[in-house]
>>> print(open('run.cif').read())   # mmCIF, C-alpha atoms
data_data
loop_
_atom_site.label_atom_id
_atom_site.label_comp_id
_atom_site.auth_asym_id
_atom_site.auth_seq_id
_atom_site.Cartn_x
_atom_site.Cartn_y
_atom_site.Cartn_z
CA MET A 94 5.67 -11.99 -21.50
CA SER A 95 7.73 -12.64 -18.36
CA SER A 96 6.27 -11.80 -14.96
CA PHE A 97 9.25 -9.45 -14.44
CA LEU A 98 7.86 -7.16 -17.16
CA LYS A 99 4.18 -7.97 -16.84
CA LYS A 100 3.65 -6.61 -13.32
CA PRO A 101 5.29 -3.20 -13.94
CA LEU A 102 3.34 -2.79 -17.18
CA ILE A 103 0.05 -3.57 -15.43
CA THR A 104 0.92 -1.07 -12.70
CA LEU A 105 1.72 1.63 -15.26
CA LEU A 106 -1.51 0.90 -17.12
CA LYS A 107 -3.53 1.26 -13.93
CA LEU A 108 -1.74 4.49 -13.06
CA GLY A 109 -2.42 5.83 -16.54
CA LEU A 110 -6.13 5.05 -16.22
CA VAL A 111 -6.32 6.81 -12.86
CA VAL A 112 -4.57 9.89 -14.24
CA ALA A 113 -6.83 9.93 -17.32
CA ILE A 114 -9.97 9.71 -15.17
CA PHE A 115 -8.90 12.58 -12.94
CA VAL A 116 -7.80 14.78 -15.85
CA TRP A 117 -11.24 14.34 -17.39
CA LEU A 118 -13.06 14.92 -14.08
CA PHE A 119 -11.06 18.05 -13.23
CA GLN A 120 -11.70 19.42 -16.69
CA ARG A 121 -15.43 19.04 -16.05
CA ALA A 122 -15.08 20.68 -12.63
CA PHE A 123 -13.16 23.69 -13.95
CA SER A 124 -15.64 24.19 -16.79
CA ASP A 125 -18.47 24.70 -14.27
CA ASP A 126 -16.48 26.85 -11.80
CA VAL A 127 -16.89 24.23 -9.07
CA PHE A 128 -13.80 25.37 -7.15
CA GLU A 129 -15.01 28.97 -7.11
CA LYS A 130 -18.28 27.84 -5.53
CA ILE A 131 -16.38 25.91 -2.88
CA ALA A 132 -14.22 28.98 -2.12
CA GLU A 133 -17.36 31.09 -1.66
CA GLN A 134 -18.85 28.58 0.79
CA SER A 135 -19.40 29.59 4.42
CA PRO A 136 -16.70 28.25 6.78
CA ASN A 137 -19.50 26.97 9.02
CA TYR A 138 -20.17 24.12 6.62
CA TRP A 139 -16.52 23.16 6.50
CA ALA A 140 -16.86 22.23 10.16
CA LEU A 141 -18.84 19.19 8.96
CA ILE A 142 -15.64 17.59 7.60
CA PRO A 143 -14.72 16.13 11.04
CA ILE A 144 -18.13 14.45 11.07
CA ALA A 145 -17.29 12.77 7.78
CA PHE A 146 -13.93 11.69 9.23
CA SER A 147 -15.62 10.23 12.32
CA LEU A 148 -18.14 8.36 10.18
CA ASN A 149 -15.33 6.92 8.06
CA LEU A 150 -13.61 5.76 11.24
CA ILE A 151 -16.83 4.00 12.28
CA THR A 152 -17.06 2.16 8.95
CA VAL A 153 -13.45 0.99 9.27
CA LEU A 154 -13.98 -0.23 12.84
CA LEU A 155 -17.13 -2.11 11.83
CA THR A 156 -15.14 -3.98 9.17
CA PHE A 157 -12.50 -4.84 11.79
CA TYR A 158 -15.12 -6.38 14.11
CA ARG A 159 -16.73 -8.23 11.21
CA TRP A 160 -13.43 -9.85 10.31
CA ARG A 161 -12.64 -10.72 13.92
CA ALA A 162 -15.96 -12.55 14.25
CA LEU A 163 -15.27 -14.53 11.09
CA VAL A 164 -11.69 -15.43 12.04
CA ARG A 165 -12.38 -16.34 15.67
CA VAL A 166 -15.19 -18.72 14.83
CA LEU A 167 -12.60 -20.74 12.90
CA GLY A 168 -10.66 -21.30 16.12
CA ILE A 169 -8.07 -18.53 15.77
CA PRO A 170 -8.16 -16.65 19.13
CA LEU A 171 -7.51 -13.23 17.60
CA LYS A 172 -7.24 -10.64 20.36
CA THR A 173 -8.82 -7.21 20.14
CA ARG A 174 -5.40 -5.53 20.14
CA GLU A 175 -4.27 -7.75 17.26
CA MET A 176 -7.51 -7.04 15.40
CA TYR A 177 -6.86 -3.30 15.52
CA ARG A 178 -3.18 -3.70 14.64
CA TYR A 179 -3.61 -6.05 11.69
CA GLY A 180 -6.73 -4.24 10.52
CA ILE A 181 -5.13 -0.80 10.41
CA LEU A 182 -2.02 -2.22 8.74
CA GLY A 183 -4.21 -3.75 6.04
CA TYR A 184 -6.04 -0.46 5.68
CA VAL A 185 -2.75 1.42 5.20
CA ILE A 186 -1.44 -1.13 2.67
CA ASN A 187 -4.57 -0.57 0.57
CA PHE A 188 -3.43 3.05 0.15
CA ALA A 189 -0.01 1.94 -1.09
CA PRO A 190 1.06 2.41 -4.71
CA MET A 191 -0.74 0.20 -7.19
CA GLY A 192 0.82 -3.16 -7.78
CA MET A 193 1.67 -3.68 -4.11
CA VAL A 194 0.20 -6.62 -2.24
CA GLY A 195 -3.37 -6.04 -1.06
CA GLY A 196 -4.16 -5.16 2.54
CA ASP A 197 -6.40 -8.19 3.08
CA ALA A 198 -3.60 -10.55 2.07
CA VAL A 199 -1.11 -8.90 4.42
CA LYS A 200 -3.67 -9.03 7.23
CA ALA A 201 -4.15 -12.77 6.67
CA TRP A 202 -0.41 -13.43 6.55
CA LEU A 203 0.23 -11.52 9.76
CA THR A 204 -2.47 -13.58 11.46
CA ALA A 205 -0.98 -16.80 10.09
CA ARG A 206 2.48 -15.81 11.37
CA GLN A 207 1.10 -15.09 14.83
CA TYR A 208 -0.91 -18.31 15.02
CA GLN A 209 1.13 -21.13 13.51
CA GLY A 210 -0.80 -23.65 11.43
CA SER A 211 -3.67 -21.26 10.74
CA SER A 212 -2.66 -20.03 7.27
CA ASP A 213 -5.56 -21.58 5.35
CA LYS A 214 -8.10 -20.48 7.95
CA ALA A 215 -6.73 -16.94 8.05
CA PHE A 216 -7.03 -16.62 4.27
CA ALA A 217 -10.45 -18.26 4.33
CA SER A 218 -11.62 -15.66 6.86
CA VAL A 219 -10.56 -12.68 4.73
CA ILE A 220 -12.15 -14.25 1.65
CA MET A 221 -15.44 -14.75 3.50
CA ASP A 222 -15.13 -11.24 4.94
CA ARG A 223 -14.67 -9.77 1.46
CA MET A 224 -17.47 -11.87 -0.02
CA ILE A 225 -19.96 -10.71 2.60
CA GLY A 226 -18.83 -7.10 2.17
CA VAL A 227 -19.28 -6.94 -1.59
CA TYR A 228 -22.46 -9.04 -1.61
CA VAL A 229 -24.24 -6.79 0.86
CA MET A 230 -23.00 -3.76 -1.09
CA PHE A 231 -24.54 -5.11 -4.30
CA VAL A 232 -27.80 -6.05 -2.59
CA MET A 233 -28.12 -2.67 -0.89
CA GLY A 234 -27.55 -0.90 -4.20
CA GLY A 235 -30.33 -2.92 -5.84
CA VAL A 236 -32.75 -2.76 -2.91
CA MET A 237 -32.37 0.98 -2.43
CA ALA A 238 -32.79 1.57 -6.16
CA VAL A 239 -36.10 -0.29 -6.02
CA ALA A 240 -37.28 1.30 -2.76
CA SER A 241 -36.55 4.84 -3.95
CA GLY A 242 -38.02 4.34 -7.41
CA PHE A 243 -34.63 5.02 -9.01
CA ILE A 244 -35.14 1.98 -11.24
CA TYR A 245 -37.71 4.02 -13.19
CA GLU A 246 -35.24 6.77 -14.09
CA GLU A 247 -34.92 6.99 -17.88
CA ALA A 248 -31.41 8.43 -18.00
CA TYR A 249 -28.85 6.09 -19.51
CA GLU A 250 -26.58 6.45 -16.47
CA ALA A 251 -29.38 5.38 -14.14
CA ARG A 252 -30.31 2.39 -16.26
CA PHE A 253 -26.68 1.29 -16.44
CA ALA A 254 -26.18 1.62 -12.66
CA VAL A 255 -29.33 -0.39 -11.90
CA ALA A 256 -28.45 -3.05 -14.47
CA ALA A 257 -24.93 -3.33 -13.04
CA ALA A 258 -26.30 -3.71 -9.51
CA PHE A 259 -28.68 -6.54 -10.39
CA THR A 260 -26.13 -8.27 -12.62
CA LEU A 261 -23.60 -8.26 -9.79
CA ILE A 262 -26.26 -9.48 -7.36
CA ALA A 263 -26.99 -12.43 -9.66
CA ILE A 264 -23.30 -13.32 -10.08
CA THR A 265 -22.44 -13.12 -6.39
CA THR A 266 -25.60 -15.02 -5.41
CA VAL A 267 -24.43 -17.90 -7.62
CA LEU A 268 -20.98 -17.71 -6.03
CA PHE A 269 -22.46 -17.77 -2.53
CA ALA A 270 -24.62 -20.74 -3.53
CA LEU A 271 -21.50 -22.57 -4.71
CA VAL A 272 -19.71 -22.12 -1.40
CA LEU A 273 -22.52 -21.99 1.17
CA VAL A 274 -25.25 -24.42 0.07
CA PRO A 275 -24.52 -27.89 1.52
CA SER A 276 -24.05 -30.67 -1.00
CA SER A 277 -23.34 -34.38 -0.81
CA SER A 278 -20.66 -33.93 -3.48
CA ARG A 279 -18.40 -30.89 -3.33
CA GLY A 280 -15.71 -32.23 -5.65
CA TRP A 281 -16.53 -30.21 -8.76
CA ARG A 282 -17.11 -27.03 -6.76
CA CYS A 283 -13.76 -27.42 -4.97
CA ALA A 284 -12.06 -28.00 -8.30
CA LEU A 285 -13.73 -24.97 -9.88
CA LEU A 286 -12.91 -22.54 -7.08
CA GLY A 287 -9.53 -24.13 -6.41
CA ALA A 288 -8.44 -23.35 -9.97
CA LEU A 289 -8.67 -19.60 -9.36
CA PRO A 290 -5.22 -17.94 -9.43
CA TRP A 291 -3.67 -17.01 -6.07
CA VAL A 292 -6.92 -17.30 -4.06
CA GLY A 293 -7.59 -20.83 -5.30
CA ARG A 294 -5.89 -22.63 -2.43
CA PRO A 295 -7.60 -20.70 0.40
CA PHE A 296 -10.89 -20.85 -1.53
CA ARG A 297 -10.57 -24.62 -1.71
CA LYS A 298 -9.71 -24.81 1.98
CA LEU A 299 -12.69 -22.57 2.67
CA MET A 300 -14.88 -25.10 0.86
CA GLU A 301 -13.36 -28.14 2.53
CA GLU A 302 -13.23 -27.07 6.16
CA ALA A 303 -14.06 -23.48 7.04
CA LEU A 304 -17.55 -23.50 5.58
CA GLN A 305 -18.42 -26.57 7.60
CA ILE A 306 -17.66 -24.51 10.69
CA TYR A 307 -19.43 -21.38 9.44
CA ARG A 308 -22.60 -23.39 8.78
CA GLN A 309 -22.60 -24.39 12.46
CA TYR A 310 -22.65 -20.73 13.53
CA PRO A 311 -25.36 -18.92 11.53
CA GLY A 312 -25.46 -16.30 14.27
CA THR A 313 -21.90 -15.27 13.43
CA LEU A 314 -22.75 -14.97 9.74
CA LEU A 315 -25.86 -12.93 10.59
CA TYR A 316 -23.73 -10.72 12.82
CA ALA A 317 -21.29 -10.17 9.93
CA PHE A 318 -24.11 -9.34 7.52
CA LEU A 319 -25.67 -6.84 9.95
CA LEU A 320 -22.32 -5.13 10.53
CA THR A 321 -21.89 -4.85 6.77
CA ILE A 322 -25.29 -3.21 6.38
CA GLY A 323 -24.15 -0.73 9.02
CA VAL A 324 -20.92 -0.11 7.09
CA HIS A 325 -22.77 0.89 3.93
CA LEU A 326 -25.39 2.97 5.73
CA VAL A 327 -22.70 4.93 7.59
CA PHE A 328 -20.77 5.31 4.33
CA SER A 329 -23.86 6.92 2.77
CA VAL A 330 -24.14 9.38 5.67
CA ALA A 331 -20.42 10.20 5.34
CA ILE A 332 -20.86 11.04 1.64
CA TYR A 333 -23.87 13.20 2.56
CA TYR A 334 -21.91 15.27 5.09
CA THR A 335 -18.93 15.53 2.75
CA SER A 336 -21.05 17.02 -0.03
CA LEU A 337 -22.89 19.29 2.41
CA SER A 338 -19.62 20.61 3.84
CA LEU A 339 -18.34 21.52 0.37
CA PHE A 340 -21.34 23.25 -1.17
CA GLY A 341 -23.73 24.04 1.70
CA TYR A 342 -26.55 22.11 0.05
CA THR A 343 -26.96 18.63 -1.34
CA THR A 344 -29.57 16.02 -2.18
CA SER A 345 -31.44 14.62 0.81
CA LEU A 346 -29.96 12.07 3.20
CA ALA A 347 -32.64 9.58 2.14
CA GLN A 348 -31.54 9.90 -1.49
CA HIS A 349 -27.93 9.37 -0.46
CA PHE A 350 -28.91 5.90 0.75
CA THR A 351 -29.55 5.13 -2.93
CA LEU A 352 -26.83 7.26 -4.53
CA ALA A 353 -23.88 6.18 -2.37
CA PRO A 354 -24.35 2.37 -2.59
CA LEU A 355 -24.79 2.58 -6.37
CA ALA A 356 -21.66 4.72 -6.71
CA ASN A 357 -19.78 2.37 -4.40
CA LEU A 358 -20.33 -0.50 -6.83
CA SER A 359 -17.29 0.94 -8.59
CA SER A 360 -15.09 -0.37 -5.75
CA ILE A 361 -14.88 -3.71 -7.57
CA ILE A 362 -12.74 -2.00 -10.24
CA PRO A 363 -9.07 -2.71 -9.35
CA LEU A 364 -7.93 0.92 -9.34
CA SER A 365 -6.77 2.77 -6.24
CA ALA A 366 -8.71 5.94 -7.15
CA GLY A 367 -10.96 7.33 -9.84
CA PRO A 368 -13.97 4.98 -10.23
CA LEU A 369 -15.83 6.25 -7.13
CA GLU A 370 -15.25 9.87 -8.09
CA TYR A 371 -16.45 9.20 -11.63
CA CYS A 372 -19.61 7.40 -10.49
CA LEU A 373 -20.51 10.13 -8.00
CA ASP A 374 -20.00 12.73 -10.72
CA VAL A 375 -22.32 10.84 -13.07
CA LEU A 376 -25.03 10.01 -10.53
CA TYR A 377 -25.35 13.27 -8.55
CA PRO A 378 -26.98 15.23 -11.43
CA LEU A 379 -29.76 12.60 -11.52
CA PHE A 380 -30.96 13.47 -8.00
CA ALA A 381 -33.09 16.55 -7.29
CA ILE A 382 -32.15 19.03 -4.57
CA GLU A 383 -34.92 20.93 -2.82
CA GLY A 384 -34.54 24.68 -3.38
CA HIS A 385 -31.53 24.28 -5.67
CA GLU A 386 -30.60 22.97 -9.05
CA PRO A 387 -29.12 19.46 -9.12
CA TYR A 388 -25.36 19.18 -8.95
CA LYS A 389 -23.73 19.78 -12.30
CA ALA A 390 -20.80 17.95 -13.85
CA GLY A 391 -17.75 18.16 -11.65
CA TYR A 392 -19.55 18.44 -8.31
CA GLY A 393 -19.68 14.72 -7.60
CA ALA A 394 -16.03 14.27 -8.55
CA ILE A 395 -14.97 16.85 -5.96
CA VAL A 396 -17.20 15.21 -3.32
CA GLY A 397 -15.56 11.86 -4.03
CA LEU A 398 -12.08 13.35 -3.98
CA CYS A 399 -12.73 15.14 -0.68
CA TYR A 400 -14.04 11.92 0.85
CA ARG A 401 -10.93 10.11 -0.35
CA LEU A 402 -8.78 12.77 1.34
CA VAL A 403 -10.73 12.22 4.55
CA THR A 404 -10.03 8.48 4.38
CA SER A 405 -6.38 9.25 3.68
CA LEU A 406 -6.16 11.14 6.99
CA LEU A 407 -7.09 7.95 8.79
CA ALA A 408 -4.50 6.08 6.73
CA LEU A 409 -1.88 8.60 7.90
CA VAL A 410 -2.71 7.73 11.49
CA GLY A 411 -2.27 4.08 10.57
CA CYS A 412 1.16 4.83 9.12
CA VAL A 413 2.46 4.98 12.69
CA TYR A 414 1.49 1.32 13.09
CA TYR A 415 3.05 0.52 9.74
CA LEU A 416 6.39 2.14 10.63
CA MET A 417 6.45 0.28 13.94
CA SER A 418 5.76 -3.03 12.15
CA ARG A 419 7.58 -2.40 8.87
CA ASP A 420 9.91 -5.41 9.15
CA GLU A 421 7.07 -7.76 10.04
CA VAL A 422 4.89 -6.49 7.19
CA SER A 423 7.78 -6.76 4.71
CA ALA A 424 8.41 -10.35 5.76
CA ALA A 425 4.73 -11.18 5.39
CA MET A 426 4.61 -9.57 1.93
CA ARG A 427 7.68 -11.50 0.78
CA SER A 428 6.14 -14.73 2.01
CA MET A 429 2.89 -13.98 0.22
CA GLN A 430 4.66 -13.11 -3.04
CA THR A 431 6.59 -16.38 -2.82
CA GLU A 432 3.35 -18.27 -2.23
CA GLN A 433 1.72 -16.46 -5.12
CA SER A 434 4.51 -17.42 -7.53
CA GLN A 435 4.33 -21.03 -6.38
CA SER A 436 0.54 -21.12 -6.78
CA GLU A 437 0.86 -20.42 -10.49
CA VAL A 438 1.14 -24.23 -10.75
CA PRO A 439 -2.11 -25.74 -9.40
CA PRO A 440 -1.37 -27.70 -6.19
CA GLU A 441 -1.94 -31.43 -6.04
CA PRO A 442 -4.87 -32.68 -3.94
CA SER A 443 -2.44 -34.23 -1.47
CA THR A 444 -1.30 -30.72 -0.56
CA PHE A 445 -4.46 -30.22 1.46
CA GLN A 446 -4.23 -32.22 4.64
CA ASP A 447 -7.32 -32.85 6.71
CA GLU A 448 -7.48 -31.12 10.05
CA SER A 449 -9.84 -31.48 12.96
CA PRO A 450 -12.55 -28.80 13.16
CA ALA A 451 -11.36 -26.02 15.41
CA GLU A 452 -13.18 -25.08 18.56
CA SER A 453 -15.28 -21.98 18.23
CA GLY A 454 -13.92 -18.74 19.57
CA GLY A 455 -16.20 -16.58 17.49
CA HIS A 456 -18.74 -13.93 18.24
CA SER A 457 -22.32 -15.03 17.88
CA ALA A 458 -25.07 -12.52 17.25
#
>>> encode(input="run.cif", output="structure tokens")
Amino acid sequence: MSSFLKKPLITLLKLGLVVAIFVWLFQRAFSDDVFEKIAEQSPNYWALIPIAFSLNLITVLLTFYRWRALVRVLGIPLKTREMYRYGILGYVINFAPMGMVGGDAVKAWLTARQYQGSSDKAFASVIMDRMIGVYVMFVMGGVMAVASGFIYEEAYEARFAVAAAFTLIAITTVLFALVLVPSSSRGWRCALLGALPWVGRPFRKLMEEALQIYRQYPGTLLYAFLLTIGVHLVFSVAIYYTSLSLFGYTTSLAQHFTLAPLANLSSIIPLSAGPLEYCLDVLYPLFAIEGHEPYKAGYGAIVGLCYRLVTSLLALVGCVYYLMSRDEVSAAMRSMQTEQSQSEVPPEPSTFQDESPAESGGHSA
């Protein structure tokens, strides 16, 4: 099948899955009169929505500072103003219709355009940023499940969530070992990661040069890991206040530190919406609520949907930046799509020219 037809079909398939998920979730919500319970809720609790918005803003800003630390240590002198601008543009692009170029890729291309000769390093920084983000998410899901005793839950949904968390921890630990553990011979690892479609070239460059620099600055990596822990903790608090604002009662904040990271494991599914709402809807009934019955089917889906609307408000603010930089973003996206089509043929080793290690401009913890 030609790429001209393949991409639209994949986009339509993703859209169909999202619609199917929400139809099923809303059917569950209507069957339990969830919307009537929200309508009966005291307006005083609705005032907690701005708290959820503020917490979401904090999580986004933490990810911006994490990426800046990882990109500056590679010798790219990214300014704070540029960090906010590129970061919010990437955030907005992630809310674009499915099938559009990802926000991380656009962020890397904008950085590469601003700092000539830094393309491989810019892409290496967003790959490392994403790797740290998902790895800490997996680990927190597993650790909190153990600490809270959730691993002993007998419900099928609980067992599946715990198994998924530890499976993902194992897979990503192996991946981190491949790229982080020093070795006298990196040839086979470079070849393995370099063969990955689209991200292969930056992954290979990450192996060949960027990681040598990252290993010299463990404080920067520790700083990035600590910021990521903060991201997921604040995310849990945001979900807590979102659910409390809707229904006036919810499971404890301590239990949300287990529930939210496990539900957030669904973010690895390449759909713009649906998986988080589904996981919250499945997991909430497994957690007791003092003085109330546990949430029934449909409650968690509405919590997830409300949180997504809160994040969309921040994306609307970012649209101002997007409109001001529309031509620049479009040019970056065209360049990335051209690069992606060219990368379908694996590049020859001579494509990767050696460069001198860049001077550090990074943030050390």
>>> resolve_selection(input="run.cif", expression="the PyMOL selection byres ((chain A and resi 197) around 9)", output="list in words")
Gly180, Gly183, Tyr184, Ile186, Asn187, Val194, Gly195, Gly196, Ala198, Val199, Lys200, Ala201, Trp202, Phe216, Val219, Ile220 and Arg223 of chain A
>>> closest_residue(input="run.cif", among="A:Leu163, A:Val272, A:Ala366, A:Ala238", to="Leu352 of chain A", atoms="only C-alpha atoms")
A:Ala238
>>> resolve_selection(input="run.cif", expression="the PyMOL selection byres ((chain A and resi 383) around 9)", output="list of chain:residue names")
A:Tyr342, A:Thr343, A:Thr344, A:Ser345, A:Ala381, A:Ile382, A:Gly384, A:His385, A:Glu386, A:Pro387
>>> atom_distance(input="run.cif", atom1="atom CA of Val227 of chain A", atom2="atom CA of Thr351 of chain A")
15.9 Å
>>> atom_distance(input="run.cif", atom1="atom CA of Ile144 of chain A", atom2="atom CA of Val403 of chain A")
10.1 Å
>>> resolve_selection(input="run.cif", expression="the PyMOL selection byres ((chain A and resi 358) around 9)", output="compact mmCIF listing (two decimals) with C-alpha atoms, keeping the file's coordinate frame")
# COMPACT_ATOMS: atom_id res chain seq x y z
CA VAL A 227 -19.28 -6.94 -1.59
CA MET A 230 -23.00 -3.76 -1.09
CA PHE A 231 -24.54 -5.11 -4.30
CA GLY A 234 -27.55 -0.90 -4.20
CA ALA A 254 -26.18 1.62 -12.66
CA ALA A 257 -24.93 -3.33 -13.04
CA ALA A 258 -26.30 -3.71 -9.51
CA LEU A 261 -23.60 -8.26 -9.79
CA ALA A 353 -23.88 6.18 -2.37
CA PRO A 354 -24.35 2.37 -2.59
CA LEU A 355 -24.79 2.58 -6.37
CA ALA A 356 -21.66 4.72 -6.71
CA ASN A 357 -19.78 2.37 -4.40
CA SER A 359 -17.29 0.94 -8.59
CA SER A 360 -15.09 -0.37 -5.75
CA ILE A 361 -14.88 -3.71 -7.57
CA ILE A 362 -12.74 -2.00 -10.24
CA LEU A 369 -15.83 6.25 -7.13
CA CYS A 372 -19.61 7.40 -10.49
>>> atom_distance(input="run.cif", atom1="atom CA of Tyr371 of chain A", atom2="atom CA of Ile395 of chain A")
9.6 Å
>>> closest_residue(input="run.cif", among="A:Phe188, A:Met233, A:Arg165, A:Phe380", to="Tyr310 of chain A", atoms="only C-alpha atoms")
A:Arg165
>>> residues_near_point(input="run.cif", point="(-22.1, 10.3, 6.0)", cutoff="9 Å", atoms="all atoms listed in the file", output="list in words")
Ile144, Ala145, Phe146, Leu148, Asn149, Leu326, Val327, Phe328, Ser329, Val330, Ala331, Ile332, Tyr333, Tyr334, Thr335, Leu346 and His349 of chain A
>>> write_last_selection(input="run.cif", atoms="C-alpha atoms", output="short mmCIF file (atom, residue, chain, number, x, y, z; two decimals), keeping the file's coordinate frame")
data_model
loop_
_atom_site.label_atom_id
_atom_site.label_comp_id
_atom_site.auth_asym_id
_atom_site.auth_seq_id
_atom_site.Cartn_x
_atom_site.Cartn_y
_atom_site.Cartn_z
CA ILE A 144 -18.13 14.45 11.07
CA ALA A 145 -17.29 12.77 7.78
CA PHE A 146 -13.93 11.69 9.23
CA LEU A 148 -18.14 8.36 10.18
CA ASN A 149 -15.33 6.92 8.06
CA LEU A 326 -25.39 2.97 5.73
CA VAL A 327 -22.70 4.93 7.59
CA PHE A 328 -20.77 5.31 4.33
CA SER A 329 -23.86 6.92 2.77
CA VAL A 330 -24.14 9.38 5.67
CA ALA A 331 -20.42 10.20 5.34
CA ILE A 332 -20.86 11.04 1.64
CA TYR A 333 -23.87 13.20 2.56
CA TYR A 334 -21.91 15.27 5.09
CA THR A 335 -18.93 15.53 2.75
CA LEU A 346 -29.96 12.07 3.20
CA HIS A 349 -27.93 9.37 -0.46
#
>>> closest_residue(input="run.cif", among="A:Tyr316, A:Trp139, A:Phe119, A:Tyr307", to="Leu398 of chain A", atoms="all atoms listed in the file")
A:Phe119
>>> residues_around(input="run.cif", residues="Val396 of chain A", least_positions_apart="4", cutoff="9 Å", atoms="all atoms listed in the file", output="PDB file with C-alpha atoms, keeping the file's coordinate frame")
ATOM      1  CA  ILE A 332     -20.860  11.040   1.640  1.00  0.00           C
ATOM      2  CA  THR A 335     -18.930  15.530   2.750  1.00  0.00           C
ATOM      3  CA  SER A 336     -21.050  17.020  -0.030  1.00  0.00           C
ATOM      4  CA  LEU A 339     -18.340  21.520   0.370  1.00  0.00           C
ATOM      5  CA  GLU A 370     -15.250   9.870  -8.090  1.00  0.00           C
ATOM      6  CA  LEU A 373     -20.510  10.130  -8.000  1.00  0.00           C
ATOM      7  CA  ASP A 374     -20.000  12.730 -10.720  1.00  0.00           C
ATOM      8  CA  GLY A 391     -17.750  18.160 -11.650  1.00  0.00           C
ATOM      9  CA  TYR A 392     -19.550  18.440  -8.310  1.00  0.00           C
ATOM     10  CA  TYR A 400     -14.040  11.920   0.850  1.00  0.00           C
ATOM     11  CA  ARG A 401     -10.930  10.110  -0.350  1.00  0.00           C
TER      12      ARG A 401
END
